[in-house]
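So this one's my_file_1.cif, mmCIF, C-alpha atoms:
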```cif
data_final
#
loop_
_atom_site.group_PDB
_atom_site.id
_atom_site.type_symbol
_atom_site.label_atom_id
_atom_site.label_comp_id
_atom_site.auth_asym_id
_atom_site.auth_seq_id
_atom_site.Cartn_x
_atom_site.Cartn_y
_atom_site.Cartn_z
ATOM 1 C CA MET A 204 0.000 0.000 0.000
ATOM 2 C CA ARG A 205 1.409 3.395 -0.998
ATOM 3 C CA PHE A 206 1.201 6.622 0.982
ATOM 4 C CA ASN A 207 -1.418 9.056 -0.242
ATOM 5 C CA ILE A 208 1.224 11.573 -1.345
ATOM 6 C CA ARG A 209 2.035 12.679 -4.878
ATOM 7 C CA PRO A 210 5.720 13.634 -5.139
ATOM 8 C CA ASN A 211 5.217 15.141 -8.583
ATOM 9 C CA LEU A 212 2.704 17.635 -7.185
ATOM 10 C CA VAL A 213 5.039 18.565 -4.343
ATOM 11 C CA ASN A 214 7.894 19.022 -6.800
ATOM 12 C CA ASN A 215 5.624 21.230 -8.894
ATOM 13 C CA ALA A 216 5.036 23.348 -5.792
ATOM 14 C CA ALA A 217 8.793 23.759 -5.423
ATOM 15 C CA ALA A 218 9.007 24.782 -9.084
ATOM 16 C CA ASP A 219 6.224 27.323 -8.562
ATOM 17 C CA MET A 220 8.180 28.763 -5.650
ATOM 18 C CA LYS A 221 11.181 29.155 -7.950
ATOM 19 C CA ASN A 222 9.039 31.266 -10.265
ATOM 20 C CA VAL A 223 7.838 33.380 -7.346
ATOM 21 C CA ASP A 224 11.450 33.742 -6.207
ATOM 22 C CA ARG A 225 12.476 34.878 -9.700
ATOM 23 C CA ASN A 226 9.648 37.413 -9.925
ATOM 24 C CA LEU A 227 10.431 38.813 -6.484
ATOM 25 C CA ARG A 228 14.064 39.248 -7.450
ATOM 26 C CA ASN A 229 12.975 41.218 -10.518
ATOM 27 C CA VAL A 230 10.771 43.458 -8.368
ATOM 28 C CA GLN A 231 13.602 43.957 -5.881
ATOM 29 C CA MET A 232 15.955 44.921 -8.708
ATOM 30 C CA GLU A 233 13.472 47.450 -10.065
ATOM 31 C CA ILE A 234 12.995 48.992 -6.612
ATOM 32 C CA SER A 235 16.766 49.312 -6.195
ATOM 33 C CA ASN A 236 17.080 50.909 -9.643
ATOM 34 C CA ILE A 237 14.343 53.427 -8.871
ATOM 35 C CA SER A 238 15.976 54.198 -5.521
ATOM 36 C CA ARG A 239 19.312 54.936 -7.186
ATOM 37 C CA GLN A 240 17.656 57.087 -9.855
ATOM 38 C CA ILE A 241 15.862 59.111 -7.189
ATOM 39 C CA ASN A 242 19.139 59.651 -5.353
ATOM 40 C CA ASN A 243 20.676 60.997 -8.525
ATOM 41 C CA VAL A 244 17.831 63.471 -9.063
ATOM 42 C CA SER A 245 17.684 65.447 -5.844
ATOM 43 C CA ASP A 246 18.473 65.296 -2.151
ATOM 44 C CA SER A 247 14.833 66.177 -1.450
ATOM 45 C CA TYR A 248 13.844 62.674 -2.496
ATOM 46 C CA LEU A 249 16.125 61.062 0.084
ATOM 47 C CA TYR A 250 13.219 59.951 2.297
ATOM 48 C CA ILE A 251 11.513 58.181 -0.603
ATOM 49 C CA SER A 252 14.806 56.517 -1.456
ATOM 50 C CA LYS A 253 15.212 55.259 2.113
ATOM 51 C CA VAL A 254 11.690 53.817 2.090
ATOM 52 C CA LEU A 255 12.456 52.006 -1.150
ATOM 53 C CA GLU A 256 15.688 50.640 0.322
ATOM 54 C CA LYS A 257 13.725 49.289 3.277
ATOM 55 C CA LYS A 258 11.248 47.610 0.931
ATOM 56 C CA ALA A 259 14.142 46.079 -0.991
ATOM 57 C CA ASP A 260 15.507 44.701 2.292
ATOM 58 C CA SER A 261 12.129 43.173 3.119
ATOM 59 C CA LEU A 262 12.008 41.504 -0.270
ATOM 60 C CA GLU A 263 15.544 40.207 0.218
ATOM 61 C CA THR A 264 14.484 38.534 3.478
ATOM 62 C CA LEU A 265 11.375 37.053 1.843
ATOM 63 C CA ILE A 266 13.392 35.747 -1.106
ATOM 64 C CA SER A 267 15.840 34.087 1.275
ATOM 65 C CA LYS A 268 13.005 32.372 3.149
ATOM 66 C CA LEU A 269 11.386 31.191 -0.074
ATOM 67 C CA SER A 270 14.671 29.746 -1.288
ATOM 68 C CA THR A 271 15.217 27.763 1.897
ATOM 69 C CA MET A 272 11.583 26.614 1.904
ATOM 70 C CA GLU A 273 11.991 25.451 -1.680
ATOM 71 C CA ASP A 274 15.028 23.403 -0.641
ATOM 72 C CA GLY A 275 13.025 21.994 2.251
ATOM 73 C CA ILE A 276 10.212 20.835 -0.023
ATOM 74 C CA GLU A 277 12.664 19.108 -2.331
ATOM 75 C CA LYS A 278 14.346 17.400 0.628
ATOM 76 C CA ALA A 279 10.941 16.269 1.904
ATOM 77 C CA VAL A 280 10.204 14.623 -1.434
ATOM 78 C CA GLU A 281 13.576 12.871 -1.373
ATOM 79 C CA LEU A 282 12.902 11.571 2.131
ATOM 80 C CA TYR A 283 9.411 10.380 1.201
ATOM 81 C CA LEU A 284 10.652 8.492 -1.855
ATOM 82 C CA SER A 285 13.398 6.893 0.226
ATOM 83 C CA CYS A 286 10.862 5.740 2.831
ATOM 84 C CA GLU A 287 8.541 4.448 0.132
ATOM 85 C CA LYS A 288 11.333 2.380 -1.392
ATOM 86 C CA LYS A 289 12.042 0.797 1.965
ATOM 87 C CA LEU A 290 8.389 -0.115 2.462
ATOM 88 C CA MET A 291 8.129 -1.472 -1.076
ATOM 89 C CA GLY A 292 11.031 -3.853 -0.569
ATOM 90 C CA ASP A 293 14.047 -1.950 -1.845
ATOM 91 C CA LEU A 294 15.747 -2.304 1.532
ATOM 92 C CA PRO A 295 19.300 -3.219 0.440
ATOM 93 C CA ASN A 296 19.766 -0.097 -1.678
ATOM 94 C CA ALA A 297 18.020 2.123 0.840
ATOM 95 C CA LEU A 298 20.125 0.847 3.709
ATOM 96 C CA LYS A 299 23.274 1.274 1.682
ATOM 97 C CA ALA A 300 22.357 4.876 0.901
ATOM 98 C CA GLU A 301 21.566 5.480 4.549
ATOM 99 C CA GLU A 302 24.913 3.998 5.598
ATOM 100 C CA ASN A 303 26.752 6.307 3.204
ATOM 101 C CA SER A 304 24.981 9.368 4.586
ATOM 102 C CA THR A 305 25.322 8.760 8.312
ATOM 103 C CA LYS A 306 27.382 11.926 8.730
ATOM 104 C CA LYS A 307 24.672 14.108 7.204
ATOM 105 C CA ASN A 308 21.857 15.703 9.144
ATOM 106 C CA SER A 309 18.555 13.887 9.168
ATOM 107 C CA PHE A 310 15.580 15.521 7.500
ATOM 108 C CA PHE A 311 14.083 16.446 10.849
ATOM 109 C CA GLU A 312 17.383 17.931 12.050
ATOM 110 C CA ASN A 313 17.503 20.001 8.873
ATOM 111 C CA LEU A 314 13.882 21.011 9.363
ATOM 112 C CA GLN A 315 14.579 22.113 12.931
ATOM 113 C CA ASP A 316 17.598 24.112 11.764
ATOM 114 C CA TRP A 317 15.530 25.770 9.054
ATOM 115 C CA PHE A 318 12.747 26.782 11.448
ATOM 116 C CA GLN A 319 15.224 28.238 13.931
ATOM 117 C CA THR A 320 17.806 29.786 11.628
ATOM 118 C CA GLY A 321 16.688 29.716 7.986
ATOM 119 C CA ILE A 322 19.627 27.398 7.179
ATOM 120 C CA TRP A 323 19.087 23.996 5.553
ATOM 121 C CA GLY A 324 21.599 21.159 5.514
ATOM 122 C CA ASN A 325 24.506 22.928 7.214
ATOM 123 C CA ARG A 326 24.574 22.283 10.947
ATOM 124 C CA GLU A 327 27.721 24.352 11.577
ATOM 125 C CA LYS A 328 26.270 27.407 9.888
ATOM 126 C CA ALA A 329 22.922 26.900 11.630
ATOM 127 C CA ASP A 330 24.693 26.734 14.997
ATOM 128 C CA ARG A 331 26.528 29.950 14.139
ATOM 129 C CA VAL A 332 23.210 31.677 13.402
ATOM 130 C CA ARG A 333 21.823 30.456 16.736
ATOM 131 C CA ARG A 334 24.811 31.954 18.536
ATOM 132 C CA ASP A 335 24.410 35.184 16.571
ATOM 133 C CA LYS A 336 20.768 35.404 17.585
ATOM 134 C CA ALA A 337 21.710 34.825 21.220
ATOM 135 C CA MET A 338 24.271 37.635 20.940
ATOM 136 C CA ALA A 339 21.685 39.873 19.286
ATOM 137 C CA LYS A 340 19.213 39.157 22.076
ATOM 138 C CA GLU A 341 21.792 40.172 24.674
ATOM 139 C CA LEU A 342 22.478 43.423 22.823
ATOM 140 C CA LYS A 343 18.773 44.114 22.442
ATOM 141 C CA THR A 344 18.212 43.674 26.172
ATOM 142 C CA MET A 345 21.066 46.055 26.939
ATOM 143 C CA ILE A 346 19.857 48.732 24.503
ATOM 144 C CA LYS A 347 16.368 48.558 26.001
ATOM 145 C CA SER A 348 17.735 49.228 29.487
ATOM 146 C CA ASP A 349 17.028 52.645 31.013
ATOM 147 C CA ARG A 350 20.472 54.026 30.230
ATOM 148 C CA TYR A 351 20.227 53.403 26.476
ATOM 149 C CA SER A 352 16.461 53.526 26.023
ATOM 150 C CA GLN A 353 14.746 55.755 23.499
ATOM 151 C CA LYS A 354 12.955 57.505 26.358
ATOM 152 C CA ASN A 355 16.255 58.513 27.953
ATOM 153 C CA TRP A 356 17.685 59.461 24.556
ATOM 154 C CA LYS A 357 14.825 61.855 23.794
ATOM 155 C CA LYS A 358 15.320 63.908 26.945
ATOM 156 C CA ALA A 359 19.127 63.979 26.676
ATOM 157 C CA SER A 360 21.111 66.876 25.218
ATOM 158 C CA VAL A 361 23.452 66.334 22.268
ATOM 159 C CA GLU A 362 26.448 66.153 24.601
ATOM 160 C CA GLU A 363 24.626 63.693 26.839
ATOM 161 C CA ARG A 364 23.775 61.587 23.794
ATOM 162 C CA LYS A 365 27.454 61.467 22.901
ATOM 163 C CA GLN A 366 28.215 60.110 26.359
ATOM 164 C CA ILE A 367 25.411 57.567 26.044
ATOM 165 C CA LEU A 368 27.005 56.310 22.833
ATOM 166 C CA ARG A 369 30.445 56.151 24.435
ATOM 167 C CA ASP A 370 29.084 54.099 27.318
ATOM 168 C CA LEU A 371 27.205 51.864 24.888
ATOM 169 C CA PHE A 372 30.332 51.432 22.781
ATOM 170 C CA ASN A 373 32.294 50.246 25.809
ATOM 171 C CA GLU A 374 29.628 47.788 26.943
ATOM 172 C CA MET A 375 29.005 46.380 23.479
ATOM 173 C CA GLN A 376 32.631 45.336 23.075
ATOM 174 C CA ALA A 377 32.299 42.695 25.780
ATOM 175 C CA ILE A 378 29.287 41.139 24.063
ATOM 176 C CA TYR A 379 30.936 41.124 20.637
ATOM 177 C CA GLY A 380 34.198 39.828 22.074
ATOM 178 C CA VAL A 381 36.285 42.633 20.580
ATOM 179 C CA SER A 382 38.632 45.276 21.946
ATOM 180 C CA LEU A 383 38.476 48.611 20.139
ATOM 181 C CA SER A 384 40.394 51.833 20.604
ATOM 182 C CA LEU A 385 37.967 54.653 19.997
ATOM 183 C CA LEU A 386 34.505 55.893 19.168
ATOM 184 C CA THR A 387 34.569 59.091 17.104
ATOM 185 C CA ILE A 388 31.451 61.242 16.825
ATOM 186 C CA GLU A 389 31.864 63.943 14.202
ATOM 187 C CA PRO A 390 30.245 65.185 10.967
ATOM 188 C CA ILE A 391 30.898 62.733 8.135
ATOM 189 C CA PRO A 392 30.974 63.971 4.518
ATOM 190 C CA SER A 393 28.678 61.975 2.237
ATOM 191 C CA ASP A 394 28.289 61.451 -1.492
ATOM 192 C CA PRO A 395 25.479 63.435 -3.174
ATOM 193 C CA GLY A 396 22.141 61.783 -2.508
ATOM 194 C CA TYR A 397 23.488 59.678 0.360
ATOM 195 C CA THR A 398 23.946 60.094 4.097
ATOM 196 C CA THR A 399 26.783 58.208 5.753
ATOM 197 C CA ASN A 400 25.476 57.258 9.185
ATOM 198 C CA GLY A 401 28.787 55.810 10.309
ATOM 199 C CA TYR A 402 31.562 53.378 9.514
ATOM 200 C CA TYR A 403 34.139 51.067 11.070
ATOM 201 C CA SER A 404 37.890 51.374 10.487
ATOM 202 C CA ASP A 405 39.891 48.253 11.218
ATOM 203 C CA PHE A 406 43.116 50.215 10.771
ATOM 204 C CA TYR A 407 42.216 52.513 13.680
ATOM 205 C CA ARG A 408 40.154 49.821 15.429
ATOM 206 C CA GLY A 409 37.379 52.332 15.866
ATOM 207 C CA VAL A 410 33.812 53.275 14.984
ATOM 208 C CA TRP A 411 32.729 56.618 13.522
ATOM 209 C CA ILE A 412 29.194 57.990 14.001
ATOM 210 C CA ASN A 413 27.823 60.953 12.055
ATOM 211 C CA GLU A 414 27.354 63.748 14.596
ATOM 212 C CA ASP A 415 24.729 65.416 12.393
ATOM 213 C CA LEU A 416 22.267 62.674 13.355
ATOM 214 C CA LEU A 417 22.400 63.409 17.079
ATOM 215 C CA SER A 418 20.459 66.677 17.070
ATOM 216 C CA ASP A 419 17.214 65.018 15.970
ATOM 217 C CA PRO A 420 15.838 62.527 18.554
ATOM 218 C CA SER A 421 13.866 60.745 15.817
ATOM 219 C CA HIS A 422 17.182 59.354 14.536
ATOM 220 C CA TYR A 423 17.515 57.143 17.620
ATOM 221 C CA ASN A 424 16.820 53.844 15.838
ATOM 222 C CA LYS A 425 19.067 54.804 12.941
ATOM 223 C CA ILE A 426 21.952 55.588 15.293
ATOM 224 C CA MET A 427 21.480 52.421 17.339
ATOM 225 C CA ASN A 428 21.250 50.368 14.162
ATOM 226 C CA THR A 429 24.468 51.974 12.934
ATOM 227 C CA MET A 430 26.254 51.190 16.200
ATOM 228 C CA VAL A 431 25.207 47.537 16.045
ATOM 229 C CA HIS A 432 26.014 47.307 12.320
ATOM 230 C CA GLU A 433 29.485 48.845 12.546
ATOM 231 C CA MET A 434 30.389 46.887 15.671
ATOM 232 C CA ARG A 435 29.405 43.767 13.747
ATOM 233 C CA HIS A 436 32.069 44.684 11.198
ATOM 234 C CA ALA A 437 34.576 44.864 14.046
ATOM 235 C CA TYR A 438 33.438 41.389 15.074
ATOM 236 C CA GLN A 439 33.814 40.080 11.504
ATOM 237 C CA HIS A 440 37.379 41.374 11.318
ATOM 238 C CA GLU A 441 38.241 39.836 14.675
ATOM 239 C CA VAL A 442 36.778 36.478 13.632
ATOM 240 C CA VAL A 443 38.884 36.473 10.466
ATOM 241 C CA ARG A 444 41.964 37.568 12.410
ATOM 242 C CA ASN A 445 41.551 35.024 15.224
ATOM 243 C CA PRO A 446 39.107 32.326 14.071
ATOM 244 C CA LYS A 447 40.094 29.941 16.872
ATOM 245 C CA ASN A 448 38.749 32.415 19.425
ATOM 246 C CA PHE A 449 35.244 32.290 17.954
ATOM 247 C CA MET A 450 32.744 29.562 17.148
ATOM 248 C CA VAL A 451 32.169 30.497 13.514
ATOM 249 C CA ASP A 452 32.092 27.881 10.757
ATOM 250 C CA GLU A 453 35.050 27.755 8.360
ATOM 251 C CA GLU A 454 32.880 28.506 5.342
ATOM 252 C CA THR A 455 31.723 31.800 6.843
ATOM 253 C CA VAL A 456 35.238 32.741 7.982
ATOM 254 C CA LYS A 457 36.553 32.185 4.460
ATOM 255 C CA GLU A 458 33.660 34.107 2.934
ATOM 256 C CA TRP A 459 34.324 37.101 5.182
ATOM 257 C CA SER A 460 38.074 36.911 4.625
ATOM 258 C CA ASP A 461 37.658 36.841 0.843
ATOM 259 C CA ASN A 462 35.225 39.743 1.037
ATOM 260 C CA PHE A 463 37.667 41.871 3.033
ATOM 261 C CA GLU A 464 40.294 41.158 0.388
ATOM 262 C CA ASN A 465 37.881 42.232 -2.354
ATOM 263 C CA TYR A 466 35.715 44.825 -0.635
ATOM 264 C CA LYS A 467 33.243 46.651 -2.882
ATOM 265 C CA THR A 468 32.656 50.384 -2.527
ATOM 266 C CA THR A 469 29.750 52.444 -3.788
ATOM 267 C CA ALA A 470 32.018 54.901 -5.569
ATOM 268 C CA LYS A 471 34.008 52.249 -7.415
ATOM 269 C CA ASP A 472 31.638 49.300 -7.800
ATOM 270 C CA GLY A 473 28.143 50.764 -7.460
ATOM 271 C CA TYR A 474 25.578 50.672 -4.683
ATOM 272 C CA SER A 475 24.206 47.193 -5.420
ATOM 273 C CA ALA A 476 27.650 45.578 -5.394
ATOM 274 C CA TYR A 477 28.449 47.301 -2.111
ATOM 275 C CA ARG A 478 25.136 46.374 -0.525
ATOM 276 C CA ASP A 479 25.050 42.750 -1.674
ATOM 277 C CA GLN A 480 28.515 41.678 -0.532
ATOM 278 C CA PRO A 481 28.577 39.075 2.276
ATOM 279 C CA ILE A 482 29.877 41.196 5.156
ATOM 280 C CA GLU A 483 27.336 43.959 4.504
ATOM 281 C CA LYS A 484 24.436 41.526 4.219
ATOM 282 C CA ASP A 485 25.543 39.834 7.433
ATOM 283 C CA ALA A 486 25.837 43.143 9.313
ATOM 284 C CA ARG A 487 22.388 44.259 8.126
ATOM 285 C CA GLN A 488 20.820 40.947 9.077
ATOM 286 C CA PHE A 489 22.436 40.971 12.504
ATOM 287 C CA ALA A 490 21.367 44.555 13.200
ATOM 288 C CA SER A 491 17.789 43.692 12.201
ATOM 289 C CA TRP A 492 17.691 41.139 15.045
ATOM 290 C CA VAL A 493 18.713 43.812 17.547
ATOM 291 C CA ILE A 494 16.899 47.001 16.508
#
```

What do you get writing this file as structure tokens?
Amino acid sequence: MRFNIRPNLVNNAAADMKNVDRNLRNVQMEISNISRQINNVSDSYLYISKVLEKKADSLETLISKLSTMEDGIEKAVELYLSCEKKLMGDLPNALKAEENSTKKNSFFENLQDWFQTGIWGNREKADRVRRDKAMAKELKTMIKSDRYSQKNWKKASVEERKQILRDLFNEMQAIYGVSLSLLTIEPIPSDPGYTTNGYYSDFYRGVWINEDLLSDPSHYNKIMNTMVHEMRHAYQHEVVRNPKNFMVDEETVKEWSDNFENYKTTAKDGYSAYRDQPIEKDARQFASWVI
């Protein structure tokens, strides 16, 4: 007796998801193109551009989830067919295949990883994401404390906000496992149509925050996001420099190392190339878990 499941229909569902994925990528590309065109027209359209960037980020997250779900469906079909073969009498071949794959994650282990981390079939990377989320949770709890809360930020003067950021900078280092030299808060020149919120310099082992943002209390989330994002870059550099001191999978370490060797800039390589490189995507994702 066969299970009442039709693998061909499930595979068709995976194929349909590929089409959705492709269409979403096209929409995301168009949004990014429009955003860049707006930036080139006038600074007055900066807000619209930022909204479009946020929408592009949302689509990027959705596309990533669809891709991993698509993989999950295909793996489910493979598992079902394997089970069916066993029940139908093809035990020798099935057992042999199972013996050859004992080092791989089971379907249910992969499914658990995917639900928790969005990673399928790579336990080391999934474990790294779990640790990242735990780190992000610790940072989020700290930022929500009275000292760094938005409520306290709103009533603080610009000079007091600078001190809040210095204190935050010092406390964040312990969570990231890094030791940095300085936090610099000063006006940062930006390219036409763009605002540079901040950056990290590994040469100086320091973070720069754009002082122009501090006068407006509504920029609180942007500033906190920038702090988390740039400190993540410090963490990435430290992981590449001393991988044995961190529990990060070799694949990710190599990816970050290669990216640092071939870093893309907006001025030289264009905004999309800059935005889509691994270390920037990782820093954005990590910051989204915190802020």

Next on the checklist: When you look at A:Thr429 with a cut-off of 7 Å (counting only C-alpha atoms), what residues show up, excluding the ones that are within fewer than 3 positions of it in the same chain? I need them as a list in words.
Outcome noted: Asn400, Gly401, Lys425, Ile426, His432 and Glu433 of chain A

Next on the checklist: Quick check, in Å to one decimal: how far apart do atom CA of A:Glu362 and atom CA of A:Met434 lie?
Outcome noted: 21.6 Å

Next on the checklist: Which residue is closest to A:Thr455? Choose from A:Lys347, A:Tyr477, A:Ala329, A:Glu341 and count all atoms listed in the file.
Outcome noted: A:Ala329

Item to check | Distance criterion (only C-alpha atoms): nearest to A:Ser348 out of A:Ser460, A:Ile367, A:Gly321, A:His422 | outcome: A:Ile367

Item to check | Two-atom distance - atom CA of A:Glu327, atom CA of A:Val442 (Å) | outcome: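 Pair atom CA of A:Glu327 / atom CA of A:Val442 returns 15.3 Å.
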
Item to check | Picked residues, the PyMOL selection byres ((chain A and resi 443) around 10), expected as a PyMOL selection string | outcome: chain A and resi 438-442+444-449+451+453+455-461+463

Could those selected residues go to a file with C-alpha atoms, as a CSV table (one decimal), keeping the file's coordinate frame?
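Now in result_3.csv:
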```csv
chain,number,residue,atom,x,y,z
A,438,TYR,CA,33.4,41.4,15.1
A,439,GLN,CA,33.8,40.1,11.5
A,440,HIS,CA,37.4,41.4,11.3
A,441,GLU,CA,38.2,39.8,14.7
A,442,VAL,CA,36.8,36.5,13.6
A,444,ARG,CA,42.0,37.6,12.4
A,445,ASN,CA,41.6,35.0,15.2
A,446,PRO,CA,39.1,32.3,14.1
A,447,LYS,CA,40.1,29.9,16.9
A,448,ASN,CA,38.7,32.4,19.4
A,449,PHE,CA,35.2,32.3,18.0
A,451,VAL,CA,32.2,30.5,13.5
A,453,GLU,CA,35.0,27.8,8.4
A,455,THR,CA,31.7,31.8,6.8
A,456,VAL,CA,35.2,32.7,8.0
A,457,LYS,CA,36.6,32.2,4.5
A,458,GLU,CA,33.7,34.1,2.9
A,459,TRP,CA,34.3,37.1,5.2
A,460,SER,CA,38.1,36.9,4.6
A,461,ASP,CA,37.7,36.8,0.8
A,463,PHE,CA,37.7,41.9,3.0
```

Checklist entry - What is the distance, in Å and to one decimal place, between atom CA of A:Asp370 and atom CA of A:Tyr423? => result 15.4 Å

Item to check | Spatial neighbours of A:Phe489, 10 Å, all atoms listed in the file, chain gap at least 2 places, as number ranges by chain | outcome: A: 332, 335-336, 338-339, 428, 431-432, 435, 483-487, 491-494

Next on the checklist: My list of candidates is A:Met375, A:Tyr407, A:Gly380, A:Leu386. Which is closest to A:Thr344 when distances are computed with only C-alpha atoms?
Outcome noted: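 Distance minimum relative to A:Thr344 lands on A:Met375.
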
Item to check | 10 Å contact set for A:Ser384, only C-alpha atoms, chain neighbours under 6 positions out, as number ranges by chain | outcome: A: 373, 407-410

Item to check | Who sits within 12 Å of A:Ala470, only C-alpha atoms, same chain under 5 positions skipped, as a ChimeraX atom specification | outcome: /A:393-395,397,475-477

Checklist entry - When distances are computed from all atoms listed in the file, which of A:Lys467, A:Asp405, A:Asp419, A:Met427 shows the smallest separation from A:Leu371? => result A:Met427

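Nearest-residue note for A:Ser360: choosing from A:Thr469, A:Asp479, A:Leu417, A:Asn424, the minimum distance belongs to A:Leu417, counting only C-alpha atoms.
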